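Peer 1: Let me give you the structure first, and then I'll get to my questions.
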Amino acid sequence: MLCFVLSSVHALFAPYASSVQKPIRFCPERDLSQYEQRQFAKTAVTQWVKDAGPGIIYVFTHSEHFVQAAQLAILQGEISPNQVSAIYLFQEDEKVCEHHMTFTVSGHCIPWPPFFWRELLETSSEVAQLRAENKRTSAPIE
């Protein structure tokens with residue numbers, strides 16, 4: 001099984017990493033551009049599932065590309081939903097909390113926490129809103 005341990009706060013990884021069995025892949029996205037993360041994740045996810053066999057490989061990451069790659073691999077029939085899971089670490093009242101998620105046959109990661117990558121969604125929403133406003137109020141830039 002492949003288990004993603006996700007967090008937007010890097011400091012939350014260390015206590016959790018010391019409590020899980022090995023092997024661990026720690027921030028494999030480090031030093032990769034967004035494009036490179038996406039490409040790497042597409043091949044890494046299926047390989048890690050194969051490497052895990054009956055065991056578990058923990059992947060500690062800040063990158064959404066690994067979750068998305070798992071979703072694609074499920075939909076393409078390369079892995080099954082029971083071969084991958086995710087844990088989101090967050091801090092609440094100075095306590096580290098865990099939110100466990102599983103994948104469905106349709107590639108959904110559930111239950112999806114409402115605060116998960118909220119900044120990404122908020123920024124995307126702002127960009128879309130500004131684009132829509134600019135289309136109504138200005139001529140295209142050439």
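Chain labels follow the order of the structure tokens: the first chain is A, the next B, and so on; residue numbering restarts at 1 in every chain, and ligands are counted from 1 in their shown order.
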Among region 66-97 of chain A, which residues carry a DSSP assignment of strand (DSSP E or B), reported as JSON, numbers by chain?
Peer 2: {"A": [84, 85, 86, 87, 88, 89, 90, 91, 92, 95, 96, 97]}
Peer 1: One number please: CA of Ile24 (chain A) to CA of Phe60 (chain A), in Å, one decimal.
Peer 2: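 Here the two named atoms are 7.4 Å from each other.
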Peer 1: Which polymer residues have any atom within 12 Å of an atom of Val45 (chain A), counting only C-alpha atoms, with same-chain residues fewer than 5 positions away left out, as an MDAnalysis selection string?
Peer 2: chainID A and resid 1:4 25 28 37:40 50:52 57:59 65:74 78:80 83:85
Peer 1: When you look at Arg30 (chain A) with a cut-off of 10 Å (counting only C-alpha atoms), what residues show up, excluding the ones that are within fewer than 4 positions of it in the same chain? I need them as an MDAnalysis selection string.
Peer 2: chainID A and resid 26 37 61:63
Peer 1: Those same residues - N, CA and C atoms - I'd like them written as a PDB file, in the first residue's frame.
Peer 2:
ATOM      1  N   PHE A  26      10.561  11.048   1.579  1.00  0.00           N
ATOM      2  CA  PHE A  26      10.345  12.325   2.245  1.00  0.00           C
ATOM      3  C   PHE A  26      10.463  13.471   1.248  1.00  0.00           C
ATOM      4  N   GLN A  37       7.201  17.905 -11.048  1.00  0.00           N
ATOM      5  CA  GLN A  37       6.489  17.176  -9.996  1.00  0.00           C
ATOM      6  C   GLN A  37       5.376  16.327 -10.602  1.00  0.00           C
ATOM      7  N   THR A  61       4.671  14.506   1.770  1.00  0.00           N
ATOM      8  CA  THR A  61       4.718  15.478   0.683  1.00  0.00           C
ATOM      9  C   THR A  61       3.834  16.685   0.961  1.00  0.00           C
ATOM     10  N   HIS A  62       4.191  17.792   0.326  1.00  0.00           N
ATOM     11  CA  HIS A  62       3.359  18.998   0.322  1.00  0.00           C
ATOM     12  C   HIS A  62       2.645  19.131  -1.020  1.00  0.00           C
ATOM     13  N   SER A  63       2.957  18.261  -1.960  1.00  0.00           N
ATOM     14  CA  SER A  63       2.508  18.416  -3.342  1.00  0.00           C
ATOM     15  C   SER A  63       1.198  17.689  -3.632  1.00  0.00           C
TER      16      SER A  63
END
Peer 1: Could you work out how far CA of Pro113 (chain A) lies from CA of Pro54 (chain A), giving the answer in Å with one decimal?
Peer 2: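 CA of Pro54 (chain A) sits 27.9 Å away from CA of Pro113 (chain A).
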Peer 1: So how many Å separate CA of Asp93 (chain A) and CA of Cys27 (chain A), to one decimal?
Peer 2: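 Atom-to-atom, CA of Asp93 (chain A) and CA of Cys27 (chain A) are spaced 25.6 Å apart.
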Peer 1: Would you give me, as a list of chain:residue names, the residues in region 22-60 of chain A that DSSP reads as alpha helix (DSSP H)?
Peer 2: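 Secondary structure check on region 22-60 of chain A, alpha helix (DSSP H): A:Gln34, A:Tyr35, A:Glu36, A:Gln37, A:Arg38, A:Gln39, A:Phe40, A:Ala41, A:Lys42, A:Thr43, A:Ala44, A:Val45, A:Thr46, A:Gln47, A:Trp48, A:Val49, A:Lys50, A:Asp51, A:Ala52.
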Peer 1: Print the selection's residues with C-alpha atoms to a file, as a PDB file, in the first residue's frame.
Peer 2:
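Once everything was written out, this is selection_19.pdb:
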ATOM      1  CA  GLN A  34       5.445  22.066 -10.868  1.00  0.00           C
ATOM      2  CA  TYR A  35       5.723  20.431 -14.307  1.00  0.00           C
ATOM      3  CA  GLU A  36       8.484  18.080 -13.124  1.00  0.00           C
ATOM      4  CA  GLN A  37       6.489  17.176  -9.996  1.00  0.00           C
ATOM      5  CA  ARG A  38       3.514  16.224 -12.146  1.00  0.00           C
ATOM      6  CA  GLN A  39       5.593  14.094 -14.519  1.00  0.00           C
ATOM      7  CA  PHE A  40       7.508  12.420 -11.692  1.00  0.00           C
ATOM      8  CA  ALA A  41       4.320  11.708  -9.723  1.00  0.00           C
ATOM      9  CA  LYS A  42       2.683   9.970 -12.693  1.00  0.00           C
ATOM     10  CA  THR A  43       5.403   7.328 -12.867  1.00  0.00           C
ATOM     11  CA  ALA A  44       6.346   7.229  -9.173  1.00  0.00           C
ATOM     12  CA  VAL A  45       2.881   6.409  -7.832  1.00  0.00           C
ATOM     13  CA  THR A  46       2.455   3.164  -9.772  1.00  0.00           C
ATOM     14  CA  GLN A  47       6.075   2.162  -9.103  1.00  0.00           C
ATOM     15  CA  TRP A  48       5.751   2.813  -5.377  1.00  0.00           C
ATOM     16  CA  VAL A  49       2.579   0.687  -5.224  1.00  0.00           C
ATOM     17  CA  LYS A  50       4.495  -2.162  -6.880  1.00  0.00           C
ATOM     18  CA  ASP A  51       7.488  -1.647  -4.563  1.00  0.00           C
ATOM     19  CA  ALA A  52       5.275  -1.695  -1.459  1.00  0.00           C
TER      20      ALA A  52
END
Peer 1: Determine the nearest neighbour of Glu98 (chain A) from the options A:Tyr16, A:His10, A:Leu75, A:Asn82, counting only C-alpha atoms.
Peer 2: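 So, comparing all the options, the nearest one is A:Tyr16.
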